[in-house]
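The file input38.pdb contains PDB, C-alpha atoms and all ligand atoms:
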```
ATOM      1  CA  MET A   1      22.193 -91.193   9.488  1.00  0.00           C
ATOM      2  CA  ALA A   2      19.512 -89.411  11.413  1.00  0.00           C
ATOM      3  CA  PHE A   3      19.819 -89.340  15.143  1.00  0.00           C
ATOM      4  CA  ILE A   4      16.785 -89.708  17.329  1.00  0.00           C
ATOM      5  CA  GLU A   5      17.221 -87.932  20.584  1.00  0.00           C
ATOM      6  CA  ARG A   6      14.799 -89.039  23.186  1.00  0.00           C
ATOM      7  CA  VAL A   7      15.667 -85.913  25.105  1.00  0.00           C
ATOM      8  CA  THR A   8      14.247 -83.759  22.378  1.00  0.00           C
ATOM      9  CA  GLY A   9      11.313 -81.905  23.744  1.00  0.00           C
ATOM     10  CA  MET A  10      12.227 -82.790  27.288  1.00  0.00           C
ATOM     11  CA  SER A  11      12.922 -80.032  29.701  1.00  0.00           C
ATOM     12  CA  GLN A  12      16.010 -81.743  31.056  1.00  0.00           C
ATOM     13  CA  LYS A  13      19.277 -82.400  29.326  1.00  0.00           C
ATOM     14  CA  ASN A  14      22.907 -82.547  30.209  1.00  0.00           C
ATOM     15  CA  THR A  15      25.588 -80.693  28.316  1.00  0.00           C
ATOM     16  CA  ILE A  16      29.333 -80.501  28.587  1.00  0.00           C
ATOM     17  CA  THR A  17      30.693 -77.527  26.721  1.00  0.00           C
ATOM     18  CA  LEU A  18      34.350 -77.180  25.869  1.00  0.00           C
ATOM     19  CA  LEU A  19      35.208 -73.601  26.591  1.00  0.00           C
ATOM     20  CA  GLU A  20      37.820 -72.472  24.097  1.00  0.00           C
ATOM     21  CA  ASN A  21      41.300 -72.855  25.583  1.00  0.00           C
ATOM     22  CA  GLY A  22      39.649 -73.484  28.928  1.00  0.00           C
ATOM     23  CA  PRO A  23      37.671 -75.902  31.091  1.00  0.00           C
ATOM     24  CA  LEU A  24      34.704 -78.180  30.601  1.00  0.00           C
ATOM     25  CA  LEU A  25      31.460 -76.475  31.496  1.00  0.00           C
ATOM     26  CA  VAL A  26      28.983 -79.009  32.867  1.00  0.00           C
ATOM     27  CA  GLU A  27      25.321 -78.042  32.828  1.00  0.00           C
ATOM     28  CA  GLY A  28      22.171 -79.971  33.551  1.00  0.00           C
ATOM     29  CA  GLU A  29      22.348 -82.333  36.480  1.00  0.00           C
ATOM     30  CA  ALA A  30      25.560 -84.025  37.481  1.00  0.00           C
ATOM     31  CA  ARG A  31      27.397 -85.536  40.373  1.00  0.00           C
ATOM     32  CA  VAL A  32      31.169 -85.434  40.419  1.00  0.00           C
ATOM     33  CA  TYR A  33      33.251 -87.967  42.308  1.00  0.00           C
ATOM     34  CA  ASN A  34      36.944 -87.686  43.055  1.00  0.00           C
ATOM     35  CA  THR A  35      39.529 -90.387  42.653  1.00  0.00           C
ATOM     36  CA  VAL A  36      38.518 -92.030  45.909  1.00  0.00           C
ATOM     37  CA  SER A  37      34.804 -92.023  45.066  1.00  0.00           C
ATOM     38  CA  GLU A  38      33.899 -89.107  47.286  1.00  0.00           C
ATOM     39  CA  LEU A  39      31.120 -86.836  46.064  1.00  0.00           C
ATOM     40  CA  VAL A  40      32.728 -83.445  45.463  1.00  0.00           C
ATOM     41  CA  ALA A  41      30.034 -81.624  43.485  1.00  0.00           C
ATOM     42  CA  ALA A  42      26.324 -82.086  42.981  1.00  0.00           C
ATOM     43  CA  GLU A  43      25.199 -78.794  41.537  1.00  0.00           C
ATOM     44  CA  THR A  44      25.738 -77.247  38.160  1.00  0.00           C
ATOM     45  CA  PRO A  45      27.143 -75.318  36.452  1.00  0.00           C
ATOM     46  CA  ILE A  46      30.538 -76.828  37.174  1.00  0.00           C
ATOM     47  CA  HIS A  47      33.843 -75.964  35.521  1.00  0.00           C
ATOM     48  CA  LEU A  48      36.140 -78.986  35.348  1.00  0.00           C
ATOM     49  CA  CYS A  49      39.815 -78.715  34.509  1.00  0.00           C
ATOM     50  CA  ARG A  50      40.910 -80.210  31.212  1.00  0.00           C
ATOM     51  CA  CYS A  51      44.339 -78.604  30.941  1.00  0.00           C
ATOM     52  CA  GLY A  52      45.829 -80.710  33.721  1.00  0.00           C
ATOM     53  CA  ALA A  53      47.327 -77.766  35.584  1.00  0.00           C
ATOM     54  CA  SER A  54      44.680 -76.853  38.125  1.00  0.00           C
ATOM     55  CA  ALA A  55      45.777 -76.940  41.733  1.00  0.00           C
ATOM     56  CA  ASN A  56      42.187 -77.679  42.665  1.00  0.00           C
ATOM     57  CA  LYS A  57      41.452 -80.706  40.508  1.00  0.00           C
ATOM     58  CA  PRO A  58      39.010 -81.728  39.268  1.00  0.00           C
ATOM     59  CA  PHE A  59      37.862 -78.125  39.207  1.00  0.00           C
ATOM     60  CA  CYS A  60      39.253 -75.336  37.065  1.00  0.00           C
ATOM     61  CA  ASP A  61      41.197 -72.685  38.957  1.00  0.00           C
ATOM     62  CA  GLY A  62      42.157 -70.557  35.970  1.00  0.00           C
ATOM     63  CA  SER A  63      45.570 -72.166  35.508  1.00  0.00           C
ATOM     64  CA  HIS A  64      44.808 -72.840  31.842  1.00  0.00           C
ATOM     65  CA  THR A  65      45.530 -69.171  31.178  1.00  0.00           C
ATOM     66  CA  ARG A  66      48.825 -69.274  33.042  1.00  0.00           C
ATOM     67  CA  ILE A  67      50.117 -72.276  31.102  1.00  0.00           C
ATOM     68  CA  GLY A  68      48.772 -71.123  27.754  1.00  0.00           C
ATOM     69  CA  PHE A  69      46.516 -74.126  27.254  1.00  0.00           C
ATOM     70  CA  THR A  70      45.106 -74.188  23.763  1.00  0.00           C
ATOM     71  CA  ASP A  71      42.272 -76.209  22.355  1.00  0.00           C
ATOM     72  CA  CYS A  72      39.804 -74.936  19.900  1.00  0.00           C
ATOM     73  CA  CYS A  73      37.934 -76.323  17.006  1.00  0.00           C
ATOM     74  CA  THR A  74      35.708 -79.274  16.672  1.00  0.00           C
ATOM     75  CA  VAL A  75      34.445 -82.363  18.495  1.00  0.00           C
ATOM     76  CA  ASP A  76      34.467 -85.694  16.709  1.00  0.00           C
ATOM     77  CA  ASN A  77      30.817 -86.649  16.357  1.00  0.00           C
ATOM     78  CA  SER A  78      31.336 -89.524  13.958  1.00  0.00           C
ATOM     79  CA  LYS A  79      30.377 -91.979  16.693  1.00  0.00           C
ATOM     80  CA  ASP A  80      27.225 -90.279  17.860  1.00  0.00           C
ATOM     81  CA  GLU A  81      24.787 -92.375  19.822  1.00  0.00           C
ATOM     82  CA  GLU A  82      21.066 -92.256  20.240  1.00  0.00           C
ATOM     83  CA  LEU A  83      20.708 -90.670  23.622  1.00  0.00           C
ATOM     84  CA  GLU A  84      19.105 -92.748  26.315  1.00  0.00           C
ATOM     85  CA  ALA A  85      16.303 -91.449  28.492  1.00  0.00           C
ATOM     86  CA  TRP A  86      17.453 -88.579  30.593  1.00  0.00           C
ATOM     87  CA  THR A  87      19.280 -89.276  33.831  1.00  0.00           C
ATOM     88  CA  PRO A  88      21.683 -87.175  35.846  1.00  0.00           C
ATOM     89  CA  LEU A  89      25.328 -87.517  34.856  1.00  0.00           C
ATOM     90  CA  THR A  90      27.883 -89.206  37.010  1.00  0.00           C
ATOM     91  CA  ILE A  91      31.398 -87.920  36.464  1.00  0.00           C
ATOM     92  CA  THR A  92      34.210 -89.887  38.028  1.00  0.00           C
ATOM     93  CA  CYS A  93      37.872 -88.954  38.180  1.00  0.00           C
ATOM     94  CA  ARG A  94      40.138 -91.894  37.498  1.00  0.00           C
ATOM     95  CA  PRO A  95      43.422 -91.682  39.417  1.00  0.00           C
ATOM     96  CA  ASN A  96      46.058 -90.014  37.270  1.00  0.00           C
ATOM     97  CA  ALA A  97      43.795 -90.454  34.291  1.00  0.00           C
ATOM     98  CA  MET A  98      40.576 -89.431  32.597  1.00  0.00           C
ATOM     99  CA  LEU A  99      37.112 -88.283  33.568  1.00  0.00           C
ATOM    100  CA  VAL A 100      34.553 -91.029  33.071  1.00  0.00           C
ATOM    101  CA  ILE A 101      31.147 -89.697  32.117  1.00  0.00           C
ATOM    102  CA  ARG A 102      28.047 -91.844  32.483  1.00  0.00           C
ATOM    103  CA  GLY A 103      24.635 -90.730  31.365  1.00  0.00           C
ATOM    104  CA  PRO A 104      23.195 -89.083  28.259  1.00  0.00           C
ATOM    105  CA  VAL A 105      25.110 -85.955  27.394  1.00  0.00           C
ATOM    106  CA  ILE A 106      25.604 -83.567  24.545  1.00  0.00           C
ATOM    107  CA  ILE A 107      29.233 -82.526  24.233  1.00  0.00           C
ATOM    108  CA  VAL A 108      29.581 -79.146  22.587  1.00  0.00           C
ATOM    109  CA  GLY A 109      32.826 -78.078  20.980  1.00  0.00           C
ATOM    110  CA  PRO A 110      34.225 -74.554  20.949  1.00  0.00           C
ATOM    111  CA  ASP A 111      32.984 -74.221  17.380  1.00  0.00           C
ATOM    112  CA  GLY A 112      29.482 -75.406  18.297  1.00  0.00           C
ATOM    113  CA  THR A 113      29.921 -78.937  17.008  1.00  0.00           C
ATOM    114  CA  LYS A 114      27.848 -81.389  19.031  1.00  0.00           C
ATOM    115  CA  ALA A 115      28.579 -84.989  19.917  1.00  0.00           C
ATOM    116  CA  ARG A 116      26.064 -87.192  21.664  1.00  0.00           C
ATOM    117  CA  ARG A 117      27.176 -89.886  24.051  1.00  0.00           C
ATOM    118  CA  ASN A 118      25.726 -92.080  26.764  1.00  0.00           C
ATOM    119  CA  LYS A 119      29.201 -92.655  28.124  1.00  0.00           C
ATOM    120  CA  ALA A 120      32.552 -91.109  27.445  1.00  0.00           C
ATOM    121  CA  ALA A 121      36.060 -90.788  28.769  1.00  0.00           C
ATOM    122  CA  LEU A 122      37.238 -87.202  28.594  1.00  0.00           C
ATOM    123  CA  CYS A 123      40.792 -85.931  28.799  1.00  0.00           C
ATOM    124  CA  ARG A 124      41.737 -83.986  31.901  1.00  0.00           C
ATOM    125  CA  CYS A 125      45.512 -84.081  31.542  1.00  0.00           C
ATOM    126  CA  GLY A 126      45.529 -81.685  28.608  1.00  0.00           C
ATOM    127  CA  ALA A 127      47.656 -83.900  26.388  1.00  0.00           C
ATOM    128  CA  SER A 128      45.156 -85.926  24.366  1.00  0.00           C
ATOM    129  CA  ARG A 129      45.440 -85.560  20.628  1.00  0.00           C
ATOM    130  CA  ASN A 130      41.781 -86.406  20.349  1.00  0.00           C
ATOM    131  CA  LYS A 131      40.314 -83.809  22.676  1.00  0.00           C
ATOM    132  CA  PRO A 132      37.955 -83.817  24.372  1.00  0.00           C
ATOM    133  CA  PHE A 133      38.278 -87.587  24.448  1.00  0.00           C
ATOM    134  CA  CYS A 134      40.975 -89.478  26.299  1.00  0.00           C
ATOM    135  CA  ASP A 135      43.598 -91.221  24.175  1.00  0.00           C
ATOM    136  CA  ILE A 136      45.771 -92.465  27.071  1.00  0.00           C
ATOM    137  CA  SER A 137      48.233 -89.601  26.667  1.00  0.00           C
ATOM    138  CA  HIS A 138      48.090 -89.183  30.456  1.00  0.00           C
ATOM    139  CA  LYS A 139      50.392 -92.175  30.668  1.00  0.00           C
ATOM    140  CA  LYS A 140      52.895 -90.685  28.244  1.00  0.00           C
ATOM    141  CA  ILE A 141      53.138 -87.484  30.228  1.00  0.00           C
ATOM    142  CA  ASN A 142      52.914 -89.227  33.614  1.00  0.00           C
ATOM    143  CA  PHE A 143      49.936 -87.122  34.594  1.00  0.00           C
ATOM    144  CA  GLN A 144      49.640 -86.946  38.358  1.00  0.00           C
ATOM    145  CA  ASP A 145      46.521 -86.155  40.274  1.00  0.00           C
ATOM    146  CA  ASP A 146      47.273 -87.747  43.580  1.00  0.00           C
ATOM    147  CA  ALA A 147      46.219 -84.994  45.930  1.00  0.00           C
ATOM    148  CA  LEU A 148      42.967 -86.658  46.840  1.00  0.00           C
ATOM    149  CA  VAL A 149      44.514 -90.101  46.971  1.00  0.00           C
ATOM    150  CA  VAL A 150      47.206 -88.791  49.299  1.00  0.00           C
ATOM    151  CA  ALA A 151      44.509 -87.531  51.631  1.00  0.00           C
ATOM    152  CA  ALA A 152      42.785 -90.884  51.675  1.00  0.00           C
ATOM    153  CA  LYS A 153      45.666 -93.318  51.403  1.00  0.00           C
ATOM    154  CA  PRO A 154      48.845 -91.557  52.556  1.00  0.00           C
ATOM    155  CA  GLU A 155      50.997 -94.628  53.035  1.00  0.00           C
ATOM    156  CA  GLN A 156      50.088 -96.304  49.780  1.00  0.00           C
ATOM    157  CA  ASP A 157      50.491 -93.123  47.817  1.00  0.00           C
ATOM    158  CA  LEU A 158      53.831 -92.334  49.367  1.00  0.00           C
ATOM    159  CA  GLU A 159      55.122 -95.724  48.329  1.00  0.00           C
ATOM    160  CA  GLU A 160      53.889 -95.152  44.784  1.00  0.00           C
ATOM    161  CA  GLN A 161      55.462 -91.717  44.592  1.00  0.00           C
ATOM    162  CA  GLU A 162      58.769 -93.117  45.767  1.00  0.00           C
ATOM    163  CA  SER A 163      58.587 -95.891  43.179  1.00  0.00           C
ATOM    164  CA  VAL A 164      57.935 -93.470  40.384  1.00  0.00           C
ATOM    165  CA  ALA A 165      60.672 -91.177  41.619  1.00  0.00           C
ATOM    166  CA  GLU A 166      63.084 -94.080  41.405  1.00  0.00           C
ATOM    167  CA  GLY A 167      62.072 -94.739  37.856  1.00  0.00           C
ATOM    168  CA  GLU A 168      60.034 -97.778  38.628  1.00  0.00           C
ATOM    169  CA  THR A 169      56.616 -98.500  37.339  1.00  0.00           C
ATOM    170  CA  ALA A 170      53.954 -97.636  39.836  1.00  0.00           C
ATOM    171  CA  ALA A 171      51.819-100.401  41.268  1.00  0.00           C
ATOM    172  CA  PRO A 172      49.551-101.907  38.613  1.00  0.00           C
ATOM    173  CA  ALA A 173      46.590-101.720  40.949  1.00  0.00           C
ATOM    174  CA  THR A 174      46.872 -97.955  40.942  1.00  0.00           C
ATOM    175  CA  LEU A 175      47.686 -97.350  37.327  1.00  0.00           C
ATOM    176  CA  GLN A 176      45.299 -99.898  35.974  1.00  0.00           C
ATOM    177  CA  GLU A 177      42.366 -98.270  34.322  1.00  0.00           C
ATOM    178  CA  SER A 178      38.900 -99.395  33.503  1.00  0.00           C
ATOM    179  CA  ALA A 179      36.814 -98.710  30.518  1.00  0.00           C
ATOM    180  CA  ASP A 180      33.344 -97.319  30.901  1.00  0.00           C
ATOM    181  CA  ASP A 181      31.872-100.737  31.242  1.00  0.00           C
ATOM    182  CA  GLY A 182      34.204-101.490  34.132  1.00  0.00           C
ATOM    183  CA  THR A 183      36.476-103.697  32.072  1.00  0.00           C
ATOM    184  CA  ALA A 184      40.005-103.506  33.353  1.00  0.00           C
ATOM    185  CA  VAL A 185      42.439-101.955  30.909  1.00  0.00           C
ATOM    186  CA  THR A 186      46.082-102.734  31.337  1.00  0.00           C
ATOM    187  CA  PRO A 187      48.831-100.549  29.907  1.00  0.00           C
ATOM    188  CA  ASP A 188      49.423-103.121  27.188  1.00  0.00           C
ATOM    189  CA  ALA A 189      45.809-102.847  26.171  1.00  0.00           C
ATOM    190  CA  ALA A 190      45.814 -99.085  26.429  1.00  0.00           C
ATOM    191  CA  PRO A 191      45.116 -98.353  22.747  1.00  0.00           C
ATOM    192  CA  ASP A 192      41.758-100.053  23.107  1.00  0.00           C
ATOM    193  CA  ILE A 193      40.477 -97.545  25.596  1.00  0.00           C
ATOM    194  CA  LYS A 194      40.410 -94.902  22.901  1.00  0.00           C
ATOM    195  CA  GLN A 195      37.684 -96.936  21.355  1.00  0.00           C
ATOM    196  CA  GLU A 196      35.957 -97.912  24.567  1.00  0.00           C
ATOM    197  CA  PRO A 197      34.672 -94.488  25.572  1.00  0.00           C
ATOM    198  CA  ASP A 198      33.377 -93.856  22.088  1.00  0.00           C
ATOM    199  CA  ALA A 199      32.286 -97.416  21.560  1.00  0.00           C
ATOM    200  CA  GLU A 200      29.260 -97.911  19.492  1.00  0.00           C
TER     201      GLU A 200
HETATM  202  S1  LIG B   1      41.148 -75.913  32.474  1.00  0.00           S
HETATM  203 FE1  LIG B   1      41.145 -74.289  33.882  1.00  0.00          FE
HETATM  204  S2  LIG B   1      42.742 -74.824  35.278  1.00  0.00           S
HETATM  205 FE2  LIG B   1      42.737 -76.482  33.842  1.00  0.00          FE
END
```
With the file now loaded, output its structure as structure tokens.
Ligand code: FES
Amino acid sequence: MAFIERVTGMSQKNTITLLENGPLLVEGEARVYNTVSELVAAETPIHLCRCGASANKPFCDGSHTRIGFTDCCTVDNSKDEELEAWTPLTITCRPNAMLVIRGPVIIVGPDGTKARRNKAALCRCGASRNKPFCDISHKKINFQDDALVVAAKPEQDLEEQESVAEGETAAPATLQESADDGTAVTPDAAPDIKQEPDAE
């Protein structure tokens, strides 16, 4: 199947490059929002953590080297899409979960493999078995990225932390995730989200 890229020949394009055993390198034009919808970056290049260990999420702070994060090889491009007309990317951090990418982007693997998406959910916990895409592994490892939520909602977050510490399931409203189209995804429906970000 031949792919028609409307961005071909255009001066503007967005790329997200998976640096080998390291962060996501975002180039082009992008706006990054934290877990409470605050704009935290509007200029590229940006290095976003995908190992899950950064103390400055969503940005890389070099911790991937300390923890020995490894990810090389290829990007699954079997679900490539015809890229839509160029727009800046919006990158949103879902609480304790993935990065949601909206906008036409070329995702470049460490081996140079390219995948083309108009939306995607990318792993930032480091545990996905389908990197760079999210496969809900953040739930299995109880990935926590509450620093920004704590700053915005201290009381709510404290209650959630205490619940988790006691072995309870955190509040559904917090753990509930949405697919790229905004459709709510419950834990029971979690396997579907693997398909949502890459949905045809
Ligand atoms: S990828 Fe660099 S700190 Fe996580």
_Expected selection from the PyMOL selection byres (((chain A and resi 20) around 6) and not hetatm), given as a ChimeraX atom specification_ = /A:19,21-22,72,110
*Interatomic distance between CA of Lys140 in chain A and CA of Arg102 in chain A?*
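Separating CA of Lys140 in chain A from CA of Arg102 in chain A is a distance of 25.2 Å.
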Could you build a table of the residues in chain A lying no more than 12 Å from ligand LIG 1 (chain B), giving for each the nearest pair of atoms and their separation in Å rounded to one decimal place, using all atoms listed in the file, ordered by chain and ascending residue number, as CSV?
```
residue,atom,partner,partner_atom,distance
A:Leu18,CA,B:LIG1,S1,9.6
A:Leu19,CA,B:LIG1,S1,8.7
A:Glu20,CA,B:LIG1,S1,9.6
A:Asn21,CA,B:LIG1,S1,7.5
A:Gly22,CA,B:LIG1,S1,4.6
A:Pro23,CA,B:LIG1,S1,3.7
A:Leu24,CA,B:LIG1,S1,7.1
A:Leu25,CA,B:LIG1,S1,9.8
A:Ile46,CA,B:LIG1,FE1,11.4
A:His47,CA,B:LIG1,FE1,7.7
A:Leu48,CA,B:LIG1,S1,6.5
A:Cys49,CA,B:LIG1,S1,3.7
A:Arg50,CA,B:LIG1,S1,4.5
A:Cys51,CA,B:LIG1,FE2,3.9
A:Gly52,CA,B:LIG1,FE2,5.2
A:Ala53,CA,B:LIG1,FE2,5.1
A:Ser54,CA,B:LIG1,S2,4.0
A:Ala55,CA,B:LIG1,S2,7.4
A:Asn56,CA,B:LIG1,S2,7.9
A:Lys57,CA,B:LIG1,S2,8.0
A:Pro58,CA,B:LIG1,FE2,8.4
A:Phe59,CA,B:LIG1,S2,7.1
A:Cys60,CA,B:LIG1,FE1,3.8
A:Asp61,CA,B:LIG1,S2,4.5
A:Gly62,CA,B:LIG1,S2,4.4
A:Ser63,CA,B:LIG1,S2,3.9
A:His64,CA,B:LIG1,FE1,4.4
A:Thr65,CA,B:LIG1,FE1,7.3
A:Arg66,CA,B:LIG1,S2,8.5
A:Ile67,CA,B:LIG1,S2,8.8
A:Gly68,CA,B:LIG1,FE2,10.1
A:Phe69,CA,B:LIG1,S1,7.7
A:Thr70,CA,B:LIG1,S1,9.7
A:Asp71,CA,B:LIG1,S1,10.2
A:Cys123,CA,B:LIG1,S1,10.7
A:Arg124,CA,B:LIG1,FE2,7.8
A:Cys125,CA,B:LIG1,FE2,8.4
A:Gly126,CA,B:LIG1,FE2,7.9
A:Ala127,CA,B:LIG1,FE2,11.6
A:Pro132,CA,B:LIG1,S1,11.8
```
*What gap, in Å, lies between CA of Thr113 in chain A and CA of Asn77 in chain A?*
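Here the two named atoms are 7.8 Å from each other.
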*Could you tell me which residues the PyMOL selection byres (((chain A and resi 45) around 9) and not hetatm) grabs in this file, written as a ChimeraX atom specification?*
/A:25-30,43-44,46-47
Could you save the residues just selected, with C-alpha atoms, as a short mmCIF file (atom, residue, chain, number, x, y, z; two decimals), in the coordinates of the input?
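selection25.cif written:
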```
data_model
loop_
_atom_site.label_atom_id
_atom_site.label_comp_id
_atom_site.auth_asym_id
_atom_site.auth_seq_id
_atom_site.Cartn_x
_atom_site.Cartn_y
_atom_site.Cartn_z
CA LEU A 25 31.46 -76.47 31.50
CA VAL A 26 28.98 -79.01 32.87
CA GLU A 27 25.32 -78.04 32.83
CA GLY A 28 22.17 -79.97 33.55
CA GLU A 29 22.35 -82.33 36.48
CA ALA A 30 25.56 -84.02 37.48
CA GLU A 43 25.20 -78.79 41.54
CA THR A 44 25.74 -77.25 38.16
CA ILE A 46 30.54 -76.83 37.17
CA HIS A 47 33.84 -75.96 35.52
#
```
_Picked residues, the PyMOL selection byres (((chain A and resi 115) around 10) and not hetatm), as a list in words_ = Thr15, Ile16, Thr74, Val75, Asp76, Asn77, Ser78, Lys79, Asp80, Glu81, Val105, Ile106, Ile107, Val108, Gly109, Gly112, Thr113, Lys114, Arg116 and Arg117 of chain A
